[in-house]
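Asker: The structure's right below; bear with me while I get my questions together.
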Amino acid sequence: MTCQTAAPDTFDGPSASISEALWDAVRDAYLAGATVASLRDDFGIPSSTFYKRAGREGWLHRPRALPETQPLDLDGPVAEPSVMLELAWRRLTHALDQGRSADALRWLRIHEGLKALIATAPAAASHGTPAGSSAPIVERVETVFPDSTASNVRPPLNRAERRRLARLGGGP
């Protein structure tokens, strides 16, 4: 979130003192919901300097209003797999754009699982029969993503285990 107020001046470095007008603008933007990162970029104030001042003066960040969510209707209609595939791809690319690689990997797994589900779905759905009657019912996550439990995957060896194996003539 970028701040809506224009900075009266900017912070020029550690030796420069910050004017009270600048601090007032920073405080108002922060209390209006701006993030510390956006304040750092907009006003040029180091995060540590901001946190010291905010802690000393007791600024409280107003929580952002969360969007109203509707309760999940488990008996409601389910989106077609192709729609879910497109949504997973969009979320994957958004996570990559935001630099959240772990989230992107999760969405990639979901995307690949949906793609496999669409590929293995009978062609009867395209011939006019209802998709609900021919599509497999997934009751557990493990049926779509068999690696979600990962019970057969060993954790990586620690240094002591690697040395012991090297001493015995084996390797990981």
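Following the order of the structure tokens, chains are lettered A, B, ..., residues in each are numbered from 1, and ligands are numbered from 1.
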Please give the complete set of residues from region 8-119 of chain A that DSSP, run on the backbone, assigns to alpha helix (DSSP H), formatted as a compact mmCIF listing (two decimals) with C-alpha atoms, in the first residue's frame.

Answerer:
```
# COMPACT_ATOMS: atom_id res chain seq x y z
CA GLU A 20 8.59 16.99 12.53
CA ALA A 21 6.48 17.61 9.42
CA LEU A 22 7.96 14.49 7.85
CA TRP A 23 7.33 12.46 11.00
CA ASP A 24 3.73 13.70 11.08
CA ALA A 25 3.24 12.56 7.49
CA VAL A 26 4.87 9.19 8.24
CA ARG A 27 2.73 8.69 11.36
CA ASP A 28 -0.49 9.62 9.53
CA ALA A 29 0.30 7.26 6.65
CA TYR A 30 1.19 4.43 9.03
CA LEU A 31 -1.96 4.87 11.09
CA VAL A 36 6.62 -0.08 6.97
CA ALA A 37 8.11 -1.18 3.64
CA SER A 38 6.02 1.34 1.72
CA LEU A 39 6.94 4.08 4.22
CA ARG A 40 10.61 3.19 3.84
CA ASP A 41 10.30 3.45 0.05
CA ASP A 42 8.14 6.59 0.00
CA PHE A 43 9.86 8.64 2.69
CA SER A 47 12.92 0.66 9.12
CA SER A 48 14.88 0.62 12.37
CA THR A 49 14.52 4.39 12.74
CA PHE A 50 10.79 4.10 12.12
CA TYR A 51 10.34 1.28 14.64
CA LYS A 52 12.26 3.19 17.32
CA ARG A 53 10.07 6.28 16.88
CA ALA A 54 6.83 4.28 16.62
CA GLY A 55 7.68 2.31 19.76
CA ARG A 56 8.68 5.41 21.69
CA GLU A 57 5.49 7.27 20.76
CA PRO A 81 -11.76 -28.94 -13.39
CA SER A 82 -10.73 -26.70 -16.29
CA VAL A 83 -11.84 -23.61 -14.31
CA MET A 84 -9.96 -24.83 -11.25
CA LEU A 85 -6.90 -25.50 -13.45
CA GLU A 86 -6.94 -21.90 -14.70
CA LEU A 87 -7.39 -20.55 -11.17
CA ALA A 88 -4.46 -22.64 -9.89
CA TRP A 89 -2.28 -21.32 -12.73
CA ARG A 90 -3.21 -17.72 -11.93
CA ARG A 91 -2.41 -18.19 -8.26
CA LEU A 92 0.88 -19.88 -9.15
CA THR A 93 1.97 -16.95 -11.32
CA HIS A 94 0.82 -14.45 -8.69
CA ALA A 95 2.88 -16.24 -6.02
CA LEU A 96 5.91 -16.14 -8.34
CA ASP A 97 5.38 -12.44 -8.98
CA SER A 101 8.42 -19.61 -4.11
CA ALA A 102 7.06 -22.05 -1.51
CA ASP A 103 3.50 -21.01 -2.31
CA ALA A 104 4.27 -21.24 -6.03
CA LEU A 105 5.50 -24.81 -5.59
CA ARG A 106 2.28 -25.73 -3.78
CA TRP A 107 0.16 -24.22 -6.53
CA LEU A 108 2.31 -26.00 -9.13
CA ARG A 109 1.54 -29.33 -7.46
CA ILE A 110 -2.16 -28.53 -7.42
CA HIS A 111 -2.00 -27.46 -11.07
CA GLU A 112 -0.23 -30.67 -12.10
CA GLY A 113 -2.74 -32.76 -10.14
CA LEU A 114 -5.67 -31.02 -11.77
CA LYS A 115 -4.07 -31.42 -15.19
CA ALA A 116 -3.66 -35.15 -14.56
CA LEU A 117 -7.25 -35.36 -13.33
CA ILE A 118 -8.50 -33.70 -16.51
CA ALA A 119 -6.33 -35.96 -18.68
```

Asker: Between CA of Arg154 (chain A) and CA of Ala166 (chain A), what is the distance in Å, rounded to a tenth?

Answerer: 18.2 Å

Asker: Distance CA of Gln98 (chain A)-CA of Pro71 (chain A), one decimal place?

Answerer: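 If I compute the distance from CA of Gln98 (chain A) to CA of Pro71 (chain A), I get 27.7 Å.
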
Asker: So how many Å separate CA of Pro156 (chain A) and CA of Leu168 (chain A), to one decimal?

Answerer: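 Separation of CA of Pro156 (chain A) and CA of Leu168 (chain A): 18.1 Å.
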